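Visitor: Contents are compact mmCIF, C-alpha atoms and all ligand atoms; file name work.txt:
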# COMPACT_ATOMS: atom_id res chain seq x y z
CA MET A 1 -0.27 -60.86 -77.49
CA PRO A 2 0.23 -57.89 -79.87
CA SER A 3 1.87 -54.87 -78.23
CA LEU A 4 -0.45 -52.06 -77.20
CA SER A 5 -0.14 -48.52 -78.50
CA SER A 6 1.82 -45.95 -76.54
CA ARG A 7 -1.37 -43.87 -76.58
CA VAL A 8 -3.38 -46.29 -74.48
CA GLN A 9 -0.45 -46.90 -72.17
CA ARG A 10 -0.31 -43.19 -71.47
CA ILE A 11 -3.66 -43.18 -69.69
CA LYS A 12 -5.15 -44.88 -66.64
CA PRO A 13 -8.64 -46.31 -66.10
CA SER A 14 -11.24 -43.82 -64.80
CA PRO A 15 -10.76 -43.95 -61.00
CA THR A 16 -14.34 -42.83 -60.25
CA LEU A 17 -15.80 -45.60 -62.38
CA SER A 18 -13.31 -48.18 -61.01
CA ILE A 19 -14.13 -47.43 -57.36
CA THR A 20 -17.87 -47.36 -58.00
CA GLN A 21 -17.61 -50.74 -59.72
CA LYS A 22 -15.42 -52.16 -56.94
CA ALA A 23 -18.00 -51.07 -54.34
CA ALA A 24 -20.81 -52.63 -56.41
CA ALA A 25 -18.88 -55.92 -56.72
CA LEU A 26 -18.23 -56.07 -52.96
CA ARG A 27 -21.92 -55.40 -52.32
CA GLN A 28 -22.86 -58.19 -54.73
CA SER A 29 -20.57 -60.55 -52.85
CA GLY A 30 -22.79 -60.00 -49.81
CA LEU A 31 -20.91 -57.24 -47.93
CA ASP A 32 -22.96 -54.34 -46.56
CA ILE A 33 -21.16 -51.57 -48.48
CA LEU A 34 -22.25 -47.94 -48.27
CA SER A 35 -21.03 -46.06 -51.31
CA PHE A 36 -20.30 -42.36 -51.51
CA SER A 37 -18.25 -42.94 -54.63
CA ALA A 38 -20.78 -42.79 -57.44
CA GLY A 39 -21.10 -39.53 -59.31
CA GLU A 40 -24.69 -40.20 -60.26
CA PRO A 41 -28.13 -39.29 -58.94
CA ASP A 42 -29.90 -42.08 -57.04
CA PHE A 43 -33.29 -40.88 -58.36
CA ASP A 44 -35.03 -42.74 -61.16
CA THR A 45 -35.35 -41.07 -64.58
CA PRO A 46 -38.77 -39.29 -64.48
CA PRO A 47 -41.61 -41.40 -66.00
CA HIS A 48 -42.49 -38.97 -68.80
CA ILE A 49 -38.92 -39.31 -70.13
CA VAL A 50 -39.03 -43.11 -69.95
CA ALA A 51 -42.44 -43.02 -71.70
CA ALA A 52 -40.96 -40.96 -74.56
CA ALA A 53 -38.28 -43.61 -75.11
CA GLU A 54 -40.93 -46.35 -75.09
CA GLU A 55 -43.01 -44.43 -77.60
CA ALA A 56 -39.98 -43.91 -79.85
CA LEU A 57 -39.31 -47.65 -79.76
CA ARG A 58 -42.94 -48.47 -80.57
CA LYS A 59 -42.91 -45.97 -83.45
CA GLY A 60 -39.90 -47.73 -84.92
CA GLN A 61 -37.34 -44.99 -84.18
CA THR A 62 -34.74 -47.71 -83.96
CA ARG A 63 -32.50 -46.85 -86.87
CA TYR A 64 -29.37 -44.77 -87.36
CA THR A 65 -30.05 -41.08 -86.87
CA ALA A 66 -28.22 -38.12 -88.38
CA THR A 67 -24.59 -38.29 -87.22
CA ALA A 68 -24.71 -34.99 -85.28
CA GLY A 69 -28.01 -36.01 -83.66
CA VAL A 70 -31.74 -35.82 -84.40
CA PRO A 71 -32.37 -32.32 -85.86
CA ALA A 72 -35.31 -31.66 -83.48
CA LEU A 73 -33.08 -32.37 -80.50
CA ARG A 74 -30.23 -30.22 -81.81
CA SER A 75 -32.70 -27.36 -82.29
CA ALA A 76 -34.14 -27.87 -78.79
CA VAL A 77 -30.63 -27.74 -77.29
CA ALA A 78 -29.82 -24.61 -79.31
CA ALA A 79 -33.08 -22.95 -78.17
CA GLU A 80 -32.46 -23.88 -74.53
CA SER A 81 -28.90 -22.57 -74.69
CA GLU A 82 -30.06 -19.30 -76.23
CA ARG A 83 -32.65 -18.93 -73.46
CA ILE A 84 -30.37 -19.68 -70.53
CA ARG A 85 -27.07 -18.27 -71.80
CA GLY A 86 -28.54 -15.35 -73.73
CA VAL A 87 -26.35 -15.92 -76.80
CA PRO A 88 -27.81 -16.60 -80.29
CA THR A 89 -27.25 -20.28 -81.11
CA LYS A 90 -28.07 -22.12 -84.35
CA THR A 91 -28.92 -25.79 -84.76
CA GLU A 92 -25.60 -26.22 -86.61
CA ASP A 93 -23.73 -25.03 -83.52
CA VAL A 94 -24.85 -28.15 -81.61
CA ILE A 95 -23.71 -31.77 -81.70
CA ILE A 96 -25.48 -34.49 -79.70
CA THR A 97 -22.96 -36.96 -78.28
CA VAL A 98 -22.77 -40.21 -76.31
CA GLY A 99 -22.73 -38.41 -72.94
CA ALA A 100 -20.94 -35.18 -72.08
CA LYS A 101 -17.81 -37.29 -71.74
CA HIS A 102 -17.81 -38.06 -75.45
CA ALA A 103 -18.37 -34.39 -76.33
CA LEU A 104 -15.19 -33.58 -74.40
CA TYR A 105 -13.35 -36.47 -76.01
CA LEU A 106 -14.32 -35.37 -79.53
CA LEU A 107 -13.48 -31.76 -78.75
CA PHE A 108 -9.93 -32.55 -77.61
CA GLN A 109 -9.51 -34.77 -80.68
CA VAL A 110 -10.41 -31.93 -83.05
CA LEU A 111 -8.61 -29.11 -81.20
CA LEU A 112 -5.25 -30.61 -80.31
CA ASP A 113 -2.11 -31.39 -82.26
CA PRO A 114 0.71 -33.33 -80.59
CA GLY A 115 2.27 -31.20 -77.86
CA ASP A 116 -0.60 -28.69 -77.60
CA GLU A 117 -1.28 -27.69 -74.01
CA VAL A 118 -4.58 -27.54 -72.15
CA ILE A 119 -4.75 -25.73 -68.81
CA ILE A 120 -6.78 -27.71 -66.27
CA PRO A 121 -7.40 -26.18 -62.84
CA ALA A 122 -7.08 -28.71 -59.99
CA PRO A 123 -9.03 -30.17 -58.26
CA TYR A 124 -10.32 -31.40 -61.63
CA TRP A 125 -12.72 -34.03 -62.86
CA VAL A 126 -10.75 -37.23 -63.46
CA SER A 127 -11.20 -37.55 -67.22
CA TYR A 128 -9.87 -34.19 -68.44
CA PRO A 129 -6.11 -34.96 -68.23
CA ASP A 130 -6.44 -38.44 -69.70
CA GLN A 131 -8.65 -37.25 -72.55
CA VAL A 132 -6.05 -34.59 -73.37
CA LEU A 133 -3.32 -37.27 -73.32
CA LEU A 134 -5.42 -39.46 -75.63
CA ALA A 135 -5.45 -36.57 -78.10
CA ASP A 136 -1.61 -36.36 -77.88
CA GLY A 137 -1.96 -33.11 -75.92
CA VAL A 138 -0.26 -32.02 -72.71
CA PRO A 139 -2.39 -31.38 -69.62
CA VAL A 140 -1.07 -28.40 -67.65
CA ILE A 141 -2.41 -28.60 -64.12
CA ALA A 142 -3.05 -25.33 -62.26
CA PRO A 143 -3.62 -25.64 -58.51
CA THR A 144 -6.55 -23.76 -56.94
CA PHE A 145 -7.39 -23.46 -53.26
CA ALA A 146 -10.39 -23.59 -50.94
CA THR A 147 -9.42 -20.19 -49.52
CA GLN A 148 -9.97 -18.70 -53.01
CA ASN A 149 -13.22 -20.56 -53.69
CA PHE A 150 -11.22 -22.92 -55.94
CA GLU A 151 -11.07 -20.23 -58.64
CA LEU A 152 -8.18 -19.90 -61.07
CA SER A 153 -6.96 -16.30 -61.08
CA CYS A 154 -6.10 -14.33 -64.23
CA GLN A 155 -2.54 -13.89 -62.93
CA GLN A 156 -2.15 -17.65 -62.57
CA LEU A 157 -3.57 -18.19 -66.04
CA GLU A 158 -1.30 -15.60 -67.65
CA LYS A 159 1.79 -17.23 -66.13
CA LEU A 160 0.83 -20.61 -67.55
CA ILE A 161 0.12 -19.54 -71.12
CA THR A 162 2.81 -20.55 -73.62
CA ALA A 163 2.98 -20.60 -77.42
CA ARG A 164 1.51 -24.12 -77.24
CA THR A 165 -1.50 -23.34 -75.02
CA LYS A 166 -4.70 -24.16 -76.87
CA ALA A 167 -7.46 -24.27 -74.27
CA LEU A 168 -8.59 -23.73 -70.68
CA VAL A 169 -11.08 -26.05 -69.00
CA ILE A 170 -13.60 -24.50 -66.61
CA ASN A 171 -15.99 -26.76 -64.70
CA THR A 172 -18.57 -24.82 -62.75
CA PRO A 173 -20.28 -26.04 -60.57
CA SER A 174 -17.26 -28.21 -59.99
CA ASN A 175 -16.77 -31.91 -59.62
CA PRO A 176 -15.17 -32.61 -57.10
CA THR A 177 -15.34 -29.38 -55.03
CA GLY A 178 -18.96 -28.31 -55.58
CA SER A 179 -17.73 -24.71 -55.83
CA ILE A 180 -19.18 -22.21 -58.29
CA TYR A 181 -17.21 -19.40 -59.92
CA ARG A 182 -18.29 -15.93 -58.88
CA ARG A 183 -19.59 -13.89 -61.79
CA ASP A 184 -16.84 -11.25 -61.72
CA SER A 185 -13.94 -13.68 -61.45
CA LEU A 186 -15.39 -15.81 -64.23
CA ALA A 187 -15.91 -12.79 -66.50
CA GLN A 188 -12.29 -11.68 -66.01
CA LEU A 189 -10.89 -15.17 -66.46
CA THR A 190 -12.92 -15.75 -69.62
CA ARG A 191 -11.84 -12.42 -71.07
CA THR A 192 -8.17 -13.06 -70.29
CA ALA A 193 -8.33 -16.53 -71.85
CA VAL A 194 -10.15 -15.62 -75.06
CA GLU A 195 -8.05 -12.49 -75.60
CA ALA A 196 -4.97 -14.71 -75.40
CA GLY A 197 -6.51 -16.82 -78.18
CA LEU A 198 -7.42 -19.82 -76.02
CA THR A 199 -10.60 -21.82 -76.35
CA VAL A 200 -12.54 -21.79 -73.08
CA ILE A 201 -14.10 -25.22 -72.63
CA CYS A 202 -16.89 -24.88 -70.09
CA ASP A 203 -18.24 -28.09 -68.64
CA GLU A 204 -21.67 -27.13 -67.31
CA ILE A 205 -23.02 -30.61 -66.60
CA TYR A 206 -23.96 -29.58 -63.03
CA ARG A 207 -25.40 -26.18 -63.91
CA GLU A 208 -28.92 -26.99 -62.65
CA LEU A 209 -27.69 -28.53 -59.41
CA VAL A 210 -27.12 -25.38 -57.33
CA TYR A 211 -28.29 -24.79 -53.78
CA GLY A 212 -29.06 -22.14 -51.21
CA GLY A 213 -29.55 -19.27 -53.65
CA ALA A 214 -26.29 -19.88 -55.55
CA THR A 215 -26.44 -19.13 -59.28
CA HIS A 216 -24.53 -20.52 -62.20
CA VAL A 217 -23.38 -18.23 -65.01
CA SER A 218 -21.86 -19.55 -68.21
CA PRO A 219 -18.55 -18.20 -69.54
CA LEU A 220 -20.42 -17.99 -72.85
CA SER A 221 -22.78 -15.38 -71.39
CA LEU A 222 -19.82 -13.41 -70.00
CA CYS A 223 -17.55 -13.57 -73.04
CA PRO A 224 -17.04 -10.40 -75.13
CA PRO A 225 -19.43 -10.89 -78.13
CA ASP A 226 -16.66 -10.74 -80.74
CA LYS A 227 -14.82 -13.62 -79.03
CA ARG A 228 -17.71 -16.04 -78.56
CA ASP A 229 -16.27 -18.40 -81.15
CA HIS A 230 -13.57 -19.12 -78.55
CA VAL A 231 -16.05 -20.56 -76.05
CA PHE A 232 -17.24 -24.15 -76.21
CA VAL A 233 -20.00 -25.42 -73.89
CA VAL A 234 -20.36 -29.04 -72.79
CA ASP A 235 -23.61 -30.12 -71.16
CA GLY A 236 -26.04 -33.05 -71.03
CA VAL A 237 -28.86 -34.83 -69.27
CA SER A 238 -26.94 -37.30 -67.08
CA LYS A 239 -26.99 -35.36 -63.83
CA THR A 240 -29.92 -32.94 -64.12
CA TYR A 241 -32.47 -35.54 -65.21
CA ALA A 242 -30.92 -38.61 -63.57
CA MET A 243 -30.10 -40.13 -66.97
CA THR A 244 -26.51 -41.34 -66.54
CA GLY A 245 -27.18 -44.67 -68.26
CA TRP A 246 -28.87 -43.15 -71.30
CA ARG A 247 -25.57 -41.68 -72.48
CA ILE A 248 -26.68 -38.41 -74.03
CA GLY A 249 -24.73 -35.16 -73.84
CA TRP A 250 -23.88 -32.35 -76.22
CA GLY A 251 -21.42 -29.73 -77.30
CA ILE A 252 -22.22 -26.16 -78.34
CA GLY A 253 -19.68 -24.10 -80.25
CA HIS A 254 -18.49 -22.74 -83.57
CA THR A 255 -20.13 -24.53 -86.53
CA ASP A 256 -16.74 -25.62 -87.94
CA ILE A 257 -15.73 -27.23 -84.65
CA ILE A 258 -19.11 -28.99 -84.56
CA LYS A 259 -18.57 -30.20 -88.15
CA ALA A 260 -15.11 -31.53 -87.27
CA MET A 261 -16.48 -33.35 -84.21
CA THR A 262 -19.29 -34.76 -86.36
CA LYS A 263 -16.72 -36.13 -88.80
CA ILE A 264 -15.08 -38.15 -86.00
CA GLN A 265 -18.44 -39.14 -84.49
CA GLY A 266 -19.41 -40.56 -87.89
CA GLN A 267 -16.27 -42.68 -87.85
CA ASP A 268 -16.48 -43.89 -84.27
CA VAL A 269 -20.06 -44.26 -82.98
CA SER A 270 -22.17 -43.19 -86.03
CA ASN A 271 -24.72 -41.48 -83.77
CA PRO A 272 -26.00 -41.49 -80.18
CA THR A 273 -28.75 -44.05 -79.51
CA SER A 274 -31.94 -43.10 -81.40
CA PHE A 275 -34.57 -43.58 -78.67
CA ALA A 276 -32.32 -42.08 -75.97
CA GLN A 277 -32.25 -38.92 -78.10
CA MET A 278 -36.07 -38.90 -78.22
CA ALA A 279 -36.18 -39.32 -74.44
CA THR A 280 -33.80 -36.37 -74.13
CA LEU A 281 -36.10 -34.26 -76.29
CA ALA A 282 -38.92 -35.07 -73.86
CA ALA A 283 -36.66 -34.13 -70.94
CA LEU A 284 -35.92 -30.72 -72.43
CA LYS A 285 -39.52 -29.99 -73.40
CA GLY A 286 -41.31 -31.61 -70.46
CA PRO A 287 -42.32 -30.61 -66.92
CA ARG A 288 -39.60 -29.50 -64.52
CA GLU A 289 -41.34 -29.53 -61.13
CA PHE A 290 -39.45 -32.66 -60.07
CA LEU A 291 -36.19 -30.72 -60.34
CA LYS A 292 -37.20 -28.39 -57.52
CA GLU A 293 -37.97 -31.39 -55.31
CA TRP A 294 -34.63 -32.98 -56.13
CA GLN A 295 -32.77 -29.74 -55.47
CA ALA A 296 -34.47 -29.45 -52.08
CA GLU A 297 -33.54 -33.04 -51.25
CA TYR A 298 -29.91 -32.55 -52.37
CA THR A 299 -29.74 -29.45 -50.15
CA VAL A 300 -30.88 -31.43 -47.10
CA ARG A 301 -28.40 -34.20 -47.88
CA ARG A 302 -25.56 -31.76 -48.44
CA ASP A 303 -26.18 -30.06 -45.09
CA LEU A 304 -26.47 -33.40 -43.33
CA MET A 305 -23.23 -34.68 -44.82
CA VAL A 306 -21.29 -31.49 -44.08
CA GLU A 307 -22.60 -31.41 -40.50
CA ARG A 308 -21.72 -35.05 -39.79
CA LEU A 309 -18.33 -34.91 -41.51
CA SER A 310 -17.36 -31.71 -39.73
CA ALA A 311 -17.91 -33.47 -36.39
CA ILE A 312 -15.12 -35.95 -37.18
CA PRO A 313 -11.89 -34.82 -35.46
CA GLY A 314 -9.20 -33.77 -37.94
CA LEU A 315 -11.56 -33.60 -40.94
CA SER A 316 -12.72 -30.32 -42.45
CA CYS A 317 -14.85 -29.37 -45.44
CA LEU A 318 -16.55 -26.39 -47.01
CA THR A 319 -20.26 -26.35 -47.73
CA PRO A 320 -20.44 -26.92 -51.48
CA GLN A 321 -22.74 -24.65 -53.50
CA GLY A 322 -23.49 -27.04 -56.32
CA ALA A 323 -23.11 -30.52 -57.89
CA PHE A 324 -23.43 -33.31 -55.29
CA TYR A 325 -19.96 -33.80 -53.86
CA VAL A 326 -18.13 -32.84 -50.69
CA LEU A 327 -14.35 -32.66 -50.90
CA ALA A 328 -13.11 -33.25 -47.36
CA ASP A 329 -9.61 -32.29 -46.21
CA VAL A 330 -8.08 -35.23 -44.33
CA THR A 331 -4.48 -34.00 -44.00
CA GLN A 332 -4.66 -33.87 -40.18
CA ILE A 333 -5.99 -37.41 -40.05
CA LEU A 334 -3.21 -38.59 -42.37
CA GLU A 335 -0.58 -36.92 -40.18
CA LYS A 336 -2.01 -38.62 -37.13
CA LEU A 337 -2.07 -42.01 -38.83
CA GLY A 338 1.57 -41.62 -39.91
CA ASP A 339 3.11 -44.66 -41.61
CA GLN A 340 3.07 -42.78 -44.91
CA ALA A 341 -0.71 -42.76 -44.91
CA THR A 342 -2.18 -41.09 -48.02
CA ASP A 343 -5.68 -40.34 -49.20
CA VAL A 344 -5.40 -43.51 -51.30
CA THR A 345 -4.43 -45.80 -48.40
CA LEU A 346 -7.05 -44.10 -46.21
CA SER A 347 -9.78 -44.70 -48.81
CA ASP A 348 -8.72 -48.36 -49.05
CA LYS A 349 -8.89 -48.69 -45.27
CA LEU A 350 -12.32 -47.05 -45.12
CA LEU A 351 -13.57 -49.58 -47.65
CA GLU A 352 -11.98 -52.55 -45.87
CA GLU A 353 -12.72 -51.57 -42.28
CA ALA A 354 -15.82 -49.37 -42.42
CA HIS A 355 -17.28 -50.78 -45.65
CA VAL A 356 -17.64 -47.21 -46.90
CA ALA A 357 -16.53 -46.31 -50.42
CA VAL A 358 -15.09 -42.82 -51.06
CA VAL A 359 -12.84 -41.56 -53.86
CA PRO A 360 -9.28 -40.50 -52.92
CA GLY A 361 -8.60 -36.87 -53.77
CA SER A 362 -5.40 -37.79 -55.65
CA ALA A 363 -7.65 -38.93 -58.48
CA PHE A 364 -8.74 -35.29 -58.86
CA GLY A 365 -5.27 -33.81 -58.43
CA ALA A 366 -6.10 -33.03 -54.79
CA PRO A 367 -3.99 -35.28 -52.55
CA GLY A 368 -4.83 -35.07 -48.85
CA THR A 369 -8.57 -35.04 -49.55
CA ILE A 370 -11.37 -37.53 -50.14
CA ARG A 371 -14.51 -37.01 -52.24
CA LEU A 372 -17.91 -38.10 -51.00
CA SER A 373 -21.03 -37.99 -53.16
CA TYR A 374 -24.26 -37.11 -51.38
CA ALA A 375 -26.44 -38.33 -54.24
CA THR A 376 -27.55 -41.05 -51.87
CA SER A 377 -30.21 -41.41 -49.17
CA ARG A 378 -30.16 -39.50 -45.88
CA ARG A 379 -30.06 -42.80 -44.02
CA GLU A 380 -26.98 -43.93 -45.93
CA ILE A 381 -25.30 -40.60 -45.25
CA GLU A 382 -25.98 -40.91 -41.52
CA MET A 383 -24.89 -44.53 -41.32
CA GLY A 384 -21.90 -44.16 -43.62
CA VAL A 385 -20.40 -41.13 -41.91
CA ALA A 386 -21.00 -42.74 -38.49
CA ARG A 387 -19.12 -45.82 -39.67
CA MET A 388 -16.29 -43.66 -40.98
CA ALA A 389 -16.05 -41.75 -37.70
CA GLU A 390 -15.93 -44.97 -35.76
CA ALA A 391 -13.29 -46.57 -37.99
CA LEU A 392 -11.14 -43.42 -37.98
CA GLY A 393 -11.37 -43.28 -34.19
CA ARG A 394 -10.24 -46.90 -33.99
CA MET A 395 -7.34 -46.32 -36.41
CA GLY A 396 -6.21 -43.27 -34.42
CA GLN A 397 -6.30 -45.20 -31.12
CA LEU A 398 -4.35 -48.11 -32.57
CA ARG A 399 -1.75 -45.68 -33.75
CA GLN A 400 -1.41 -44.15 -30.25
CA LYS A 401 -0.80 -47.53 -28.61
N1 LIG A 501 -18.14 -33.65 -66.66
C1 LIG A 501 -18.14 -33.82 -65.33
C2 LIG A 501 -17.57 -32.74 -64.49
C3 LIG A 501 -18.69 -34.96 -64.76
O1 LIG A 501 -18.69 -35.12 -63.44
C4 LIG A 501 -19.23 -35.95 -65.61
C5 LIG A 501 -19.79 -37.19 -64.95
N2 LIG A 501 -19.58 -38.35 -65.49
C6 LIG A 501 -19.19 -35.74 -66.99
C7 LIG A 501 -18.63 -34.58 -67.49
C8 LIG A 501 -19.68 -36.72 -68.00
O2 LIG A 501 -21.05 -36.90 -67.94
P1 LIG A 501 -21.80 -37.90 -68.94
O3 LIG A 501 -22.44 -38.93 -68.08
O4 LIG A 501 -22.81 -37.05 -69.65
O5 LIG A 501 -20.82 -38.46 -69.88
N1 LIG A 502 -18.60 -38.07 -63.23
C1 LIG A 502 -18.95 -39.03 -62.25
C2 LIG A 502 -17.92 -39.05 -61.14
O1 LIG A 502 -17.05 -38.23 -61.12
C3 LIG A 502 -19.24 -40.38 -62.84
C4 LIG A 502 -18.07 -41.25 -63.16
C5 LIG A 502 -17.29 -40.76 -64.34
O2 LIG A 502 -17.85 -40.62 -65.41
O3 LIG A 502 -16.12 -40.50 -64.12
O4 LIG A 502 -18.00 -39.86 -60.27
Any chance you could give the structure as structure tokens?
Guide:
Amino acid sequence: MPSLSSRVQRIKPSPTLSITQKAAALRQSGLDILSFSAGEPDFDTPPHIVAAAEEALRKGQTRYTATAGVPALRSAVAAESERIRGVPTKTEDVIITVGAKHALYLLFQVLLDPGDEVIIPAPYWVSYPDQVLLADGVPVIAPTFATQNFELSCQQLEKLITARTKALVINTPSNPTGSIYRRDSLAQLTRTAVEAGLTVICDEIYRELVYGGATHVSPLSLCPPDKRDHVFVVDGVSKTYAMTGWRIGWGIGHTDIIKAMTKIQGQDVSNPTSFAQMATLAALKGPREFLKEWQAEYTVRRDLMVERLSAIPGLSCLTPQGAFYVLADVTQILEKLGDQATDVTLSDKLLEEAHVAVVPGSAFGAPGTIRLSYATSRREIEMGVARMAEALGRMGQLRQK
């Protein structure tokens, strides 16, 4: 066996994907598993989007496309961004990628030299630190707290900036907390970052999934106009249009960064799948009524999950404003369980004893918590949380004996 590179040994497998796959395998083996682990909508991709892919296939759009993506799709993304973020955007400022994940991957590859630092507020989405490590960079984790709406403050940011700091990652609405930056805090944070010469990487993959009157604002809209080249937006269709398997996302930023990312894309995947790009074009140009229905359904599920979880002794959670996750604090439960119980051992026990899959908060840099996705049916939420409550009650009683 040839030895593996130090680069690959530096990173770990994606915990969210691993747990989702473990839950699916257990279900396939015949166990009645309820999964709150998957970070993907349970809705089907709307029929008009599927029809556009079918039409593209029939029309023979089955060949390589331009490396940075089909020009019509790049233009549609630029036009949409200009409309929603209010900042002039050219087709050349957009690259279509194999999911938002690949846009982030390419971006870190083109921005970072060995030893360059990227500030990542925790709780964070699992892939940011490992993608930075893959690019020979150094993830610098900045803790944020529920009491401050999980926002990174300018003071915190200033203290963390060194001569090697290259970028700051902002994910709003956030996976895993579901929190959304308030406009003023985001404007100040963006200004502080760009004035210090950092690139603000804003992951806006959940921007359309906001509830109860909450609004999402992009750091790009809030950035001083002369510093806009320091903001890079990552977005895509996976979450909004229930298209996780289609693998289409994009990056929006300075033309030279886009060109550099395109150079790597041409050497690694050539281009995102041709007919998936045509389906994405239909998603951006097509009807949007279904989105309102989905938002309403997510709101009901969110409230149901928060209500049921909050009734479990020792567990507490905030009502998230966006995305489709609840990050529940289980520190009191862990204390009660003793025996060096952690969010990881608790999640294992919930899977073994309650047949409920959740993601341990440690995966997101938030030990003492667990993440539950409510992109699943109301019935599964009711049954799953009931099973958790019952299993936790049993574990607590055993401990007391
Ligand atoms: N960013 C965040 C915060 C996410 O939760 C996800 C989900 N996988 C992604 C990026 C990547 O999305 P995609 O499926 O488009 O690669
Ligand atoms: N982003 C989703 C999650 O956090 C999907 C899995 C992944 O890409 O990590 O669960």
Visitor: Which residues form the shell of 8 Å around ligand LIG 502 (chain A) when you count all atoms listed in the file, given as a list of chain:residue names?
Guide: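 Residues satisfying the distance criterion: A:Ser14, A:Pro15, A:Thr16, A:Leu17, A:Thr20, A:Ser37, A:Ala38, A:Gly39, A:Glu40, A:Lys101, A:Trp125, A:Val126, A:Ser127, A:Asn175, A:Pro176, A:Ser373.
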Visitor: Let me have all residues with an atom within 9 Å of ligand LIG 501 (chain A), counting all atoms listed in the file, laid out as a PyMOL selection string.
Guide: chain A and resi 16-17+39-40+97-104+124-128+171-176+203-206+234-239+243-250+323
Visitor: Which one of A:Arg164, A:Lys285, A:Lys349, A:Arg371 sits closest to A:Val306 if you count all atoms listed in the file?
Guide: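 When distances to A:Val306 are compared using all atoms listed in the file, the smallest one comes from A:Arg371.
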Visitor: Using all atoms listed in the file, which residue out of A:Lys166, A:Arg63, A:Arg207, A:His216 lies closest to A:Val231?
Guide: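 So, comparing all the options, the nearest one is A:Lys166.
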Visitor: Find the residues near stretch 351-365 of chain A: any atom within 10 Å, counting all atoms listed in the file, skip ones fewer than 6 places away on the same chain, and give them as an MDAnalysis selection string.
Guide: chainID A and resid 14:20 22:24 26:27 31:38 121:129 141:143 175:177 327:330 342:345 371:373 380 383:392 394:395
Visitor: Please, could you write that set of residues out with C-alpha atoms as an mmCIF file, in the frame of the given file?
Guide:
data_model
loop_
_atom_site.group_PDB
_atom_site.id
_atom_site.type_symbol
_atom_site.label_atom_id
_atom_site.label_comp_id
_atom_site.auth_asym_id
_atom_site.auth_seq_id
_atom_site.Cartn_x
_atom_site.Cartn_y
_atom_site.Cartn_z
ATOM 1 C CA SER A 14 -11.240 -43.820 -64.800
ATOM 2 C CA PRO A 15 -10.760 -43.950 -61.000
ATOM 3 C CA THR A 16 -14.340 -42.830 -60.250
ATOM 4 C CA LEU A 17 -15.800 -45.600 -62.380
ATOM 5 C CA SER A 18 -13.310 -48.180 -61.010
ATOM 6 C CA ILE A 19 -14.130 -47.430 -57.360
ATOM 7 C CA THR A 20 -17.870 -47.360 -58.000
ATOM 8 C CA LYS A 22 -15.420 -52.160 -56.940
ATOM 9 C CA ALA A 23 -18.000 -51.070 -54.340
ATOM 10 C CA ALA A 24 -20.810 -52.630 -56.410
ATOM 11 C CA LEU A 26 -18.230 -56.070 -52.960
ATOM 12 C CA ARG A 27 -21.920 -55.400 -52.320
ATOM 13 C CA LEU A 31 -20.910 -57.240 -47.930
ATOM 14 C CA ASP A 32 -22.960 -54.340 -46.560
ATOM 15 C CA ILE A 33 -21.160 -51.570 -48.480
ATOM 16 C CA LEU A 34 -22.250 -47.940 -48.270
ATOM 17 C CA SER A 35 -21.030 -46.060 -51.310
ATOM 18 C CA PHE A 36 -20.300 -42.360 -51.510
ATOM 19 C CA SER A 37 -18.250 -42.940 -54.630
ATOM 20 C CA ALA A 38 -20.780 -42.790 -57.440
ATOM 21 C CA PRO A 121 -7.400 -26.180 -62.840
ATOM 22 C CA ALA A 122 -7.080 -28.710 -59.990
ATOM 23 C CA PRO A 123 -9.030 -30.170 -58.260
ATOM 24 C CA TYR A 124 -10.320 -31.400 -61.630
ATOM 25 C CA TRP A 125 -12.720 -34.030 -62.860
ATOM 26 C CA VAL A 126 -10.750 -37.230 -63.460
ATOM 27 C CA SER A 127 -11.200 -37.550 -67.220
ATOM 28 C CA TYR A 128 -9.870 -34.190 -68.440
ATOM 29 C CA PRO A 129 -6.110 -34.960 -68.230
ATOM 30 C CA ILE A 141 -2.410 -28.600 -64.120
ATOM 31 C CA ALA A 142 -3.050 -25.330 -62.260
ATOM 32 C CA PRO A 143 -3.620 -25.640 -58.510
ATOM 33 C CA ASN A 175 -16.770 -31.910 -59.620
ATOM 34 C CA PRO A 176 -15.170 -32.610 -57.100
ATOM 35 C CA THR A 177 -15.340 -29.380 -55.030
ATOM 36 C CA LEU A 327 -14.350 -32.660 -50.900
ATOM 37 C CA ALA A 328 -13.110 -33.250 -47.360
ATOM 38 C CA ASP A 329 -9.610 -32.290 -46.210
ATOM 39 C CA VAL A 330 -8.080 -35.230 -44.330
ATOM 40 C CA THR A 342 -2.180 -41.090 -48.020
ATOM 41 C CA ASP A 343 -5.680 -40.340 -49.200
ATOM 42 C CA VAL A 344 -5.400 -43.510 -51.300
ATOM 43 C CA THR A 345 -4.430 -45.800 -48.400
ATOM 44 C CA ARG A 371 -14.510 -37.010 -52.240
ATOM 45 C CA LEU A 372 -17.910 -38.100 -51.000
ATOM 46 C CA SER A 373 -21.030 -37.990 -53.160
ATOM 47 C CA GLU A 380 -26.980 -43.930 -45.930
ATOM 48 C CA MET A 383 -24.890 -44.530 -41.320
ATOM 49 C CA GLY A 384 -21.900 -44.160 -43.620
ATOM 50 C CA VAL A 385 -20.400 -41.130 -41.910
ATOM 51 C CA ALA A 386 -21.000 -42.740 -38.490
ATOM 52 C CA ARG A 387 -19.120 -45.820 -39.670
ATOM 53 C CA MET A 388 -16.290 -43.660 -40.980
ATOM 54 C CA ALA A 389 -16.050 -41.750 -37.700
ATOM 55 C CA GLU A 390 -15.930 -44.970 -35.760
ATOM 56 C CA ALA A 391 -13.290 -46.570 -37.990
ATOM 57 C CA LEU A 392 -11.140 -43.420 -37.980
ATOM 58 C CA ARG A 394 -10.240 -46.900 -33.990
ATOM 59 C CA MET A 395 -7.340 -46.320 -36.410
#
